[in-house]
Amino acid sequence: MSDDALDYFHPPETEALGLIRLSASDSGLTGIAFVMEEDAPARPNAHTEQARAQLAEYFDGLRRAFDLPLAPEGTDFQRRVWQALATIPFGETRCYAEIAEQLGCKGGQRAVGAANGRNPLAIVVPCHRVIGSDGRLTGYAGGIGRKQWLLAHEAGEIPFSLN
């Protein structure tokens, strides 16, 4: 892991989301996570630099889809779920049952929810776009407040503070 790249991104014009840690291997991004502070010195590579640029465009309202090399570690099922998440269009949501059905796993909402919760690539693989079947915001590894902020951002609503 010492050879892996590490960098940090602070979304512009908002303190609401805090700091984002970017991790990458030579193959692509392996992790995008919300963190409280820098926990190791930055060691960027081309993948983390490209991710920083595309995240800046996303937060500036100039990007709706990401085009980055991704290399997350997970089971085959988790990867299938993450690929399905990546098909949810900007500004739209899906419920866990819809993702399960898309994968041919009717009744597999809980398994989809578990894989969704283990998504290592926040924002870029938009797990924040998955909601409960009743329309409620459900768990989000980055916190419900961040999920709410990201959905509001994508809806073009005025961003609000999480405080």
# chains A, B, ... in the order shown; residues from 1 in each chain; ligands from 1
>>> residues_around(residues="A:Leu103", least_positions_apart="2", cutoff="8 Å", atoms="only C-alpha atoms", output="list in words")
Arg80, Val81, Ala84, Ile99, Ala100, Glu101, Cys105 and Lys106 of chain A
>>> residues_around(residues="stretch 19-21 of chain A", least_positions_apart="5", cutoff="10 Å", atoms="only C-alpha atoms", output="PyMOL selection string")
chain A and resi 6-11+31-40+42+48+52+55+122
>>> atom_distance(atom1="atom CA of A:Glu73", atom2="atom CA of A:Ala114")
14.8 Å
>>> atom_distance(atom1="atom CA of A:Gly117", atom2="atom CA of A:Gly139")
7.8 Å
>>> residues_around(residues="stretch 60-63 of chain A", least_positions_apart="6", cutoff="10 Å", atoms="only C-alpha atoms", output="PyMOL selection string")
chain A and resi 11-13+54+90+153-154+156
>>> select_by_dssp(residues="stretch 2-144 of chain A", states="strand (DSSP E)", output="list in words")
Ala5, Leu6, Asp7, Tyr8, Phe9, Leu19, Ile20, Arg21, Leu22, Ser23, Ala24, Leu29, Thr30, Gly31, Ile32, Ala33, Phe34, Val35, Arg94, Cys95, Val130 and Ile131 of chain A
>>> write_last_selection(atoms="N, CA and C atoms", output="mmCIF file, in the first residue's frame")
data_model
loop_
_atom_site.group_PDB
_atom_site.id
_atom_site.type_symbol
_atom_site.label_atom_id
_atom_site.label_comp_id
_atom_site.auth_asym_id
_atom_site.auth_seq_id
_atom_site.Cartn_x
_atom_site.Cartn_y
_atom_site.Cartn_z
ATOM 1 N N ALA A 5 -1.062 5.703 -4.534
ATOM 2 C CA ALA A 5 -1.180 7.158 -4.517
ATOM 3 C C ALA A 5 -2.257 7.572 -3.523
ATOM 4 N N LEU A 6 -2.069 8.752 -2.967
ATOM 5 C CA LEU A 6 -3.010 9.310 -1.992
ATOM 6 C C LEU A 6 -3.038 10.811 -2.207
ATOM 7 N N ASP A 7 -4.238 11.371 -2.217
ATOM 8 C CA ASP A 7 -4.371 12.820 -2.359
ATOM 9 C C ASP A 7 -5.657 13.237 -1.658
ATOM 10 N N TYR A 8 -5.856 14.531 -1.557
ATOM 11 C CA TYR A 8 -7.025 15.082 -0.871
ATOM 12 C C TYR A 8 -7.662 16.145 -1.751
ATOM 13 N N PHE A 9 -8.989 16.265 -1.619
ATOM 14 C CA PHE A 9 -9.740 17.269 -2.374
ATOM 15 C C PHE A 9 -10.706 17.937 -1.414
ATOM 16 N N LEU A 19 -13.509 17.208 3.884
ATOM 17 C CA LEU A 19 -12.382 16.791 3.068
ATOM 18 C C LEU A 19 -12.657 15.435 2.412
ATOM 19 N N ILE A 20 -12.175 15.264 1.198
ATOM 20 C CA ILE A 20 -12.334 14.002 0.474
ATOM 21 C C ILE A 20 -10.939 13.429 0.217
ATOM 22 N N ARG A 21 -10.756 12.157 0.618
ATOM 23 C CA ARG A 21 -9.478 11.463 0.394
ATOM 24 C C ARG A 21 -9.595 10.629 -0.882
ATOM 25 N N LEU A 22 -8.596 10.753 -1.746
ATOM 26 C CA LEU A 22 -8.539 10.011 -2.999
ATOM 27 C C LEU A 22 -7.396 9.007 -2.923
ATOM 28 N N SER A 23 -7.684 7.749 -3.214
ATOM 29 C CA SER A 23 -6.662 6.704 -3.227
ATOM 30 C C SER A 23 -6.650 6.075 -4.615
ATOM 31 N N ALA A 24 -5.454 5.703 -5.066
ATOM 32 C CA ALA A 24 -5.347 5.093 -6.393
ATOM 33 C C ALA A 24 -4.163 4.144 -6.447
ATOM 34 N N LEU A 29 -8.472 4.528 -9.706
ATOM 35 C CA LEU A 29 -8.917 4.925 -8.375
ATOM 36 C C LEU A 29 -9.397 3.715 -7.586
ATOM 37 N N THR A 30 -8.963 3.631 -6.362
ATOM 38 C CA THR A 30 -9.374 2.526 -5.486
ATOM 39 C C THR A 30 -10.266 3.010 -4.351
ATOM 40 N N GLY A 31 -10.246 4.302 -4.064
ATOM 41 C CA GLY A 31 -11.061 4.818 -2.980
ATOM 42 C C GLY A 31 -11.285 6.318 -3.067
ATOM 43 N N ILE A 32 -12.514 6.717 -2.763
ATOM 44 C CA ILE A 32 -12.886 8.122 -2.595
ATOM 45 C C ILE A 32 -13.749 8.148 -1.351
ATOM 46 N N ALA A 33 -13.271 8.809 -0.313
ATOM 47 C CA ALA A 33 -13.966 8.768 0.971
ATOM 48 C C ALA A 33 -13.940 10.130 1.652
ATOM 49 N N PHE A 34 -14.970 10.391 2.430
ATOM 50 C CA PHE A 34 -15.018 11.595 3.255
ATOM 51 C C PHE A 34 -14.196 11.337 4.514
ATOM 52 N N VAL A 35 -13.334 12.285 4.849
ATOM 53 C CA VAL A 35 -12.499 12.161 6.040
ATOM 54 C C VAL A 35 -12.523 13.475 6.810
ATOM 55 N N ARG A 94 -32.733 6.044 -7.528
ATOM 56 C CA ARG A 94 -33.306 4.713 -7.679
ATOM 57 C C ARG A 94 -33.415 4.114 -6.285
ATOM 58 N N CYS A 95 -34.348 3.189 -6.126
ATOM 59 C CA CYS A 95 -34.438 2.488 -4.841
ATOM 60 C C CYS A 95 -33.682 1.165 -4.946
ATOM 61 N N VAL A 130 -29.141 6.362 -4.284
ATOM 62 C CA VAL A 130 -30.008 5.241 -3.937
ATOM 63 C C VAL A 130 -30.782 5.595 -2.668
ATOM 64 N N ILE A 131 -32.109 5.461 -2.758
ATOM 65 C CA ILE A 131 -32.994 5.828 -1.651
ATOM 66 C C ILE A 131 -33.906 4.652 -1.313
#
>>> closest_atom_pairs(of="stretch 43-94 of chain A", to="stretch 123-128 of chain A", cutoff="9 Å", atoms="only C-alpha atoms", output="JSON lines")
{"residue": "A:Ala51", "atom": "CA", "partner": "A:Val124", "partner_atom": "CA", "distance": 8.9}
{"residue": "A:Leu55", "atom": "CA", "partner": "A:Val124", "partner_atom": "CA", "distance": 8.3}
{"residue": "A:Ala65", "atom": "CA", "partner": "A:Val124", "partner_atom": "CA", "distance": 7.8}
{"residue": "A:Phe66", "atom": "CA", "partner": "A:Val124", "partner_atom": "CA", "distance": 6.2}
{"residue": "A:Asp67", "atom": "CA", "partner": "A:Val124", "partner_atom": "CA", "distance": 8.9}
{"residue": "A:Leu68", "atom": "CA", "partner": "A:Val124", "partner_atom": "CA", "distance": 8.5}
{"residue": "A:Trp82", "atom": "CA", "partner": "A:Val125", "partner_atom": "CA", "distance": 6.5}
{"residue": "A:Gln83", "atom": "CA", "partner": "A:Val125", "partner_atom": "CA", "distance": 7.8}
{"residue": "A:Leu85", "atom": "CA", "partner": "A:Pro126", "partner_atom": "CA", "distance": 5.9}
{"residue": "A:Ala86", "atom": "CA", "partner": "A:Val125", "partner_atom": "CA", "distance": 5.2}
{"residue": "A:Thr87", "atom": "CA", "partner": "A:Pro126", "partner_atom": "CA", "distance": 8.8}
{"residue": "A:Ile88", "atom": "CA", "partner": "A:Pro126", "partner_atom": "CA", "distance": 7.5}
{"residue": "A:Phe90", "atom": "CA", "partner": "A:Pro126", "partner_atom": "CA", "distance": 8.6}
{"residue": "A:Thr93", "atom": "CA", "partner": "A:His128", "partner_atom": "CA", "distance": 8.3}
>>> write_last_selection(atoms="N, CA, C and O atoms", output="PDB file, in the first residue's frame")
ATOM      1  N   ALA A  51      -8.903  12.786 -10.972  1.00  0.00           N
ATOM      2  CA  ALA A  51     -10.090  12.759 -10.112  1.00  0.00           C
ATOM      3  C   ALA A  51     -10.315  14.135  -9.476  1.00  0.00           C
ATOM      4  O   ALA A  51     -11.458  14.615  -9.412  1.00  0.00           O
ATOM      5  N   LEU A  55     -13.716  16.145 -10.034  1.00  0.00           N
ATOM      6  CA  LEU A  55     -14.528  16.508  -8.872  1.00  0.00           C
ATOM      7  C   LEU A  55     -14.740  18.022  -8.819  1.00  0.00           C
ATOM      8  O   LEU A  55     -15.844  18.487  -8.511  1.00  0.00           O
ATOM      9  N   ALA A  65     -21.161  13.496 -15.285  1.00  0.00           N
ATOM     10  CA  ALA A  65     -20.702  12.101 -15.295  1.00  0.00           C
ATOM     11  C   ALA A  65     -19.178  12.100 -15.219  1.00  0.00           C
ATOM     12  O   ALA A  65     -18.529  13.017 -15.715  1.00  0.00           O
ATOM     13  N   PHE A  66     -18.648  11.070 -14.614  1.00  0.00           N
ATOM     14  CA  PHE A  66     -17.204  10.952 -14.442  1.00  0.00           C
ATOM     15  C   PHE A  66     -16.629   9.982 -15.465  1.00  0.00           C
ATOM     16  O   PHE A  66     -17.264   8.984 -15.816  1.00  0.00           O
ATOM     17  N   ASP A  67     -15.445  10.286 -15.930  1.00  0.00           N
ATOM     18  CA  ASP A  67     -14.737   9.441 -16.871  1.00  0.00           C
ATOM     19  C   ASP A  67     -13.337   9.206 -16.294  1.00  0.00           C
ATOM     20  O   ASP A  67     -12.389   9.905 -16.626  1.00  0.00           O
ATOM     21  N   LEU A  68     -13.276   8.257 -15.374  1.00  0.00           N
ATOM     22  CA  LEU A  68     -12.049   7.984 -14.635  1.00  0.00           C
ATOM     23  C   LEU A  68     -11.758   6.493 -14.648  1.00  0.00           C
ATOM     24  O   LEU A  68     -12.685   5.678 -14.605  1.00  0.00           O
ATOM     25  N   TRP A  82     -22.008  -1.884  -8.060  1.00  0.00           N
ATOM     26  CA  TRP A  82     -21.361  -0.587  -8.289  1.00  0.00           C
ATOM     27  C   TRP A  82     -21.484  -0.172  -9.752  1.00  0.00           C
ATOM     28  O   TRP A  82     -21.684   1.010 -10.052  1.00  0.00           O
ATOM     29  N   GLN A  83     -21.402  -1.125 -10.668  1.00  0.00           N
ATOM     30  CA  GLN A  83     -21.592  -0.807 -12.091  1.00  0.00           C
ATOM     31  C   GLN A  83     -23.025  -0.331 -12.339  1.00  0.00           C
ATOM     32  O   GLN A  83     -23.252   0.597 -13.116  1.00  0.00           O
ATOM     33  N   LEU A  85     -24.934   1.175 -10.119  1.00  0.00           N
ATOM     34  CA  LEU A  85     -25.044   2.516  -9.538  1.00  0.00           C
ATOM     35  C   LEU A  85     -24.558   3.563 -10.525  1.00  0.00           C
ATOM     36  O   LEU A  85     -25.137   4.656 -10.623  1.00  0.00           O
ATOM     37  N   ALA A  86     -23.505   3.234 -11.246  1.00  0.00           N
ATOM     38  CA  ALA A  86     -22.920   4.180 -12.198  1.00  0.00           C
ATOM     39  C   ALA A  86     -23.866   4.496 -13.353  1.00  0.00           C
ATOM     40  O   ALA A  86     -23.651   5.478 -14.071  1.00  0.00           O
ATOM     41  N   THR A  87     -24.931   3.721 -13.531  1.00  0.00           N
ATOM     42  CA  THR A  87     -25.895   3.981 -14.607  1.00  0.00           C
ATOM     43  C   THR A  87     -27.017   4.916 -14.161  1.00  0.00           C
ATOM     44  O   THR A  87     -27.828   5.325 -14.996  1.00  0.00           O
ATOM     45  N   ILE A  88     -27.082   5.250 -12.879  1.00  0.00           N
ATOM     46  CA  ILE A  88     -28.137   6.159 -12.405  1.00  0.00           C
ATOM     47  C   ILE A  88     -27.777   7.565 -12.886  1.00  0.00           C
ATOM     48  O   ILE A  88     -26.732   8.096 -12.519  1.00  0.00           O
ATOM     49  N   PHE A  90     -27.370  11.546 -13.440  1.00  0.00           N
ATOM     50  CA  PHE A  90     -27.196  12.730 -12.606  1.00  0.00           C
ATOM     51  C   PHE A  90     -28.579  13.318 -12.292  1.00  0.00           C
ATOM     52  O   PHE A  90     -29.422  13.468 -13.172  1.00  0.00           O
ATOM     53  N   THR A  93     -32.746   9.404  -8.845  1.00  0.00           N
ATOM     54  CA  THR A  93     -32.534   8.421  -7.787  1.00  0.00           C
ATOM     55  C   THR A  93     -33.161   7.092  -8.202  1.00  0.00           C
ATOM     56  O   THR A  93     -34.007   7.039  -9.092  1.00  0.00           O
TER      57      THR A  93
END
>>> closest_residue(among="A:Asn45, A:Arg129, A:Gly28, A:Leu70", to="A:Arg146", atoms="only C-alpha atoms")
A:Arg129
>>> closest_residue(among="A:Ala16, A:Leu137, A:Val112, A:Ala155", to="A:Ala97", atoms="only C-alpha atoms")
A:Val112
>>> select_by_dssp(residues="chain A", states="helix (DSSP H, G or I)", output="PyMOL selection string")
chain A and resi 46-59+76-85+96-102+109-117+127-129+144-154
>>> write_last_selection(atoms="C-alpha atoms", output="PDB file, in the first residue's frame")
ATOM      1  CA  ALA A  46      -2.106  10.863 -12.602  1.00  0.00           C
ATOM      2  CA  HIS A  47      -5.326   9.112 -11.459  1.00  0.00           C
ATOM      3  CA  THR A  48      -5.747  11.212  -8.300  1.00  0.00           C
ATOM      4  CA  GLU A  49      -4.963  14.395 -10.229  1.00  0.00           C
ATOM      5  CA  GLN A  50      -7.565  13.527 -12.871  1.00  0.00           C
ATOM      6  CA  ALA A  51     -10.090  12.759 -10.112  1.00  0.00           C
ATOM      7  CA  ARG A  52      -9.379  16.120  -8.426  1.00  0.00           C
ATOM      8  CA  ALA A  53      -9.996  17.931 -11.736  1.00  0.00           C
ATOM      9  CA  GLN A  54     -13.252  16.064 -12.438  1.00  0.00           C
ATOM     10  CA  LEU A  55     -14.528  16.508  -8.872  1.00  0.00           C
ATOM     11  CA  ALA A  56     -13.865  20.265  -9.160  1.00  0.00           C
ATOM     12  CA  GLU A  57     -15.922  20.321 -12.383  1.00  0.00           C
ATOM     13  CA  TYR A  58     -18.711  18.323 -10.688  1.00  0.00           C
ATOM     14  CA  PHE A  59     -18.918  20.715  -7.746  1.00  0.00           C
ATOM     15  CA  ASP A  76     -18.118  -9.953  -8.172  1.00  0.00           C
ATOM     16  CA  PHE A  77     -21.591  -9.103  -6.823  1.00  0.00           C
ATOM     17  CA  GLN A  78     -20.380  -5.841  -5.255  1.00  0.00           C
ATOM     18  CA  ARG A  79     -18.779  -4.825  -8.532  1.00  0.00           C
ATOM     19  CA  ARG A  80     -22.006  -5.593 -10.404  1.00  0.00           C
ATOM     20  CA  VAL A  81     -23.920  -3.388  -7.964  1.00  0.00           C
ATOM     21  CA  TRP A  82     -21.361  -0.587  -8.289  1.00  0.00           C
ATOM     22  CA  GLN A  83     -21.592  -0.807 -12.091  1.00  0.00           C
ATOM     23  CA  ALA A  84     -25.386  -0.540 -11.798  1.00  0.00           C
ATOM     24  CA  LEU A  85     -25.044   2.516  -9.538  1.00  0.00           C
ATOM     25  CA  TYR A  96     -32.652  -0.666  -3.738  1.00  0.00           C
ATOM     26  CA  ALA A  97     -35.369  -2.872  -5.284  1.00  0.00           C
ATOM     27  CA  GLU A  98     -34.921  -1.230  -8.685  1.00  0.00           C
ATOM     28  CA  ILE A  99     -31.174  -1.899  -8.590  1.00  0.00           C
ATOM     29  CA  ALA A 100     -31.804  -5.515  -7.526  1.00  0.00           C
ATOM     30  CA  GLU A 101     -34.262  -5.975 -10.382  1.00  0.00           C
ATOM     31  CA  GLN A 102     -31.836  -4.375 -12.855  1.00  0.00           C
ATOM     32  CA  GLN A 109     -32.698  -5.335  -1.925  1.00  0.00           C
ATOM     33  CA  ARG A 110     -30.760  -6.169   1.234  1.00  0.00           C
ATOM     34  CA  ALA A 111     -27.820  -7.607  -0.693  1.00  0.00           C
ATOM     35  CA  VAL A 112     -27.838  -4.527  -2.925  1.00  0.00           C
ATOM     36  CA  GLY A 113     -27.983  -2.327   0.175  1.00  0.00           C
ATOM     37  CA  ALA A 114     -25.006  -4.115   1.705  1.00  0.00           C
ATOM     38  CA  ALA A 115     -22.961  -3.773  -1.504  1.00  0.00           C
ATOM     39  CA  ASN A 116     -24.042  -0.139  -1.814  1.00  0.00           C
ATOM     40  CA  GLY A 117     -22.798   0.502   1.717  1.00  0.00           C
ATOM     41  CA  CYS A 127     -24.377   5.465  -4.129  1.00  0.00           C
ATOM     42  CA  HIS A 128     -25.869   8.712  -2.781  1.00  0.00           C
ATOM     43  CA  ARG A 129     -28.532   8.379  -5.520  1.00  0.00           C
ATOM     44  CA  ILE A 144     -27.225  11.338   5.669  1.00  0.00           C
ATOM     45  CA  GLY A 145     -26.439  15.067   5.721  1.00  0.00           C
ATOM     46  CA  ARG A 146     -23.832  14.653   2.975  1.00  0.00           C
ATOM     47  CA  LYS A 147     -26.214  12.479   0.965  1.00  0.00           C
ATOM     48  CA  GLN A 148     -28.897  15.143   1.272  1.00  0.00           C
ATOM     49  CA  TRP A 149     -26.411  17.860   0.233  1.00  0.00           C
ATOM     50  CA  LEU A 150     -25.225  15.880  -2.817  1.00  0.00           C
ATOM     51  CA  LEU A 151     -28.800  15.224  -3.977  1.00  0.00           C
ATOM     52  CA  ALA A 152     -29.682  18.906  -3.492  1.00  0.00           C
ATOM     53  CA  HIS A 153     -26.549  19.896  -5.443  1.00  0.00           C
ATOM     54  CA  GLU A 154     -27.539  17.635  -8.323  1.00  0.00           C
TER      55      GLU A 154
END
>>> closest_residue(among="A:Gly132, A:Pro72, A:Pro41, A:Gly107", to="A:Ser25", atoms="only C-alpha atoms")
A:Pro72
>>> decode(residues="stretch 6-28 of chain A", atoms="N, CA, C and O atoms", output="tab-separated table (two decimals), in the first residue's frame")
chain	number	residue	atom	x	y	z
A	6	LEU	N	-2.07	8.75	-2.97
A	6	LEU	CA	-3.01	9.31	-1.99
A	6	LEU	C	-3.04	10.81	-2.21
A	6	LEU	O	-1.99	11.44	-2.39
A	7	ASP	N	-4.24	11.37	-2.22
A	7	ASP	CA	-4.37	12.82	-2.36
A	7	ASP	C	-5.66	13.24	-1.66
A	7	ASP	O	-6.44	12.39	-1.23
A	8	TYR	N	-5.86	14.53	-1.56
A	8	TYR	CA	-7.02	15.08	-0.87
A	8	TYR	C	-7.66	16.14	-1.75
A	8	TYR	O	-6.99	16.83	-2.51
A	9	PHE	N	-8.99	16.26	-1.62
A	9	PHE	CA	-9.74	17.27	-2.37
A	9	PHE	C	-10.71	17.94	-1.41
A	9	PHE	O	-11.41	17.26	-0.66
A	10	HIS	N	-10.74	19.25	-1.45
A	10	HIS	CA	-11.69	20.00	-0.64
A	10	HIS	C	-12.69	20.64	-1.60
A	10	HIS	O	-12.31	21.49	-2.40
A	11	PRO	N	-13.96	20.21	-1.56
A	11	PRO	CA	-14.94	20.79	-2.47
A	11	PRO	C	-14.97	22.32	-2.35
A	11	PRO	O	-14.96	22.84	-1.24
A	12	PRO	N	-14.98	23.02	-3.48
A	12	PRO	CA	-14.98	24.48	-3.44
A	12	PRO	C	-16.28	25.05	-2.89
A	12	PRO	O	-17.34	24.46	-3.06
A	13	GLU	N	-16.16	26.15	-2.23
A	13	GLU	CA	-17.28	26.95	-1.75
A	13	GLU	C	-18.23	26.23	-0.81
A	13	GLU	O	-19.38	26.61	-0.69
A	14	THR	N	-17.78	25.18	-0.18
A	14	THR	CA	-18.62	24.55	0.83
A	14	THR	C	-17.76	23.88	1.88
A	14	THR	O	-16.79	23.22	1.56
A	15	GLU	N	-18.14	24.09	3.10
A	15	GLU	CA	-17.53	23.36	4.21
A	15	GLU	C	-18.40	22.16	4.56
A	15	GLU	O	-18.02	21.32	5.36
A	16	ALA	N	-19.59	22.10	3.95
A	16	ALA	CA	-20.58	21.10	4.32
A	16	ALA	C	-20.08	19.66	4.15
A	16	ALA	O	-20.41	18.80	4.95
A	17	LEU	N	-19.30	19.41	3.13
A	17	LEU	CA	-18.87	18.04	2.85
A	17	LEU	C	-17.56	17.68	3.51
A	17	LEU	O	-17.25	16.51	3.68
A	18	GLY	N	-16.77	18.67	3.87
A	18	GLY	CA	-15.48	18.40	4.47
A	18	GLY	C	-14.46	17.97	3.44
A	18	GLY	O	-14.55	18.30	2.27
A	19	LEU	N	-13.51	17.21	3.88
A	19	LEU	CA	-12.38	16.79	3.07
A	19	LEU	C	-12.66	15.44	2.41
A	19	LEU	O	-13.28	14.56	3.02
A	20	ILE	N	-12.17	15.26	1.20
A	20	ILE	CA	-12.33	14.00	0.47
A	20	ILE	C	-10.94	13.43	0.22
A	20	ILE	O	-10.07	14.11	-0.31
A	21	ARG	N	-10.76	12.16	0.62
A	21	ARG	CA	-9.48	11.46	0.39
A	21	ARG	C	-9.59	10.63	-0.88
A	21	ARG	O	-10.55	9.88	-1.06
A	22	LEU	N	-8.60	10.75	-1.75
A	22	LEU	CA	-8.54	10.01	-3.00
A	22	LEU	C	-7.40	9.01	-2.92
A	22	LEU	O	-6.27	9.38	-2.61
A	23	SER	N	-7.68	7.75	-3.21
A	23	SER	CA	-6.66	6.70	-3.23
A	23	SER	C	-6.65	6.07	-4.62
A	23	SER	O	-7.69	5.93	-5.24
A	24	ALA	N	-5.45	5.70	-5.07
A	24	ALA	CA	-5.35	5.09	-6.39
A	24	ALA	C	-4.16	4.14	-6.45
A	24	ALA	O	-3.18	4.31	-5.74
A	25	SER	N	-4.30	3.17	-7.32
A	25	SER	CA	-3.19	2.28	-7.66
A	25	SER	C	-2.72	2.69	-9.06
A	25	SER	O	-3.23	3.66	-9.63
A	26	ASP	N	-1.82	1.94	-9.63
A	26	ASP	CA	-1.41	2.21	-11.00
A	26	ASP	C	-2.56	1.96	-11.98
A	26	ASP	O	-2.59	2.53	-13.06
A	27	SER	N	-3.52	1.10	-11.59
A	27	SER	CA	-4.64	0.74	-12.46
A	27	SER	C	-5.76	1.77	-12.48
A	27	SER	O	-6.51	1.85	-13.44
A	28	GLY	N	-5.94	2.51	-11.38
A	28	GLY	CA	-7.03	3.47	-11.32
A	28	GLY	C	-7.38	3.81	-9.88
A	28	GLY	O	-6.69	3.39	-8.94
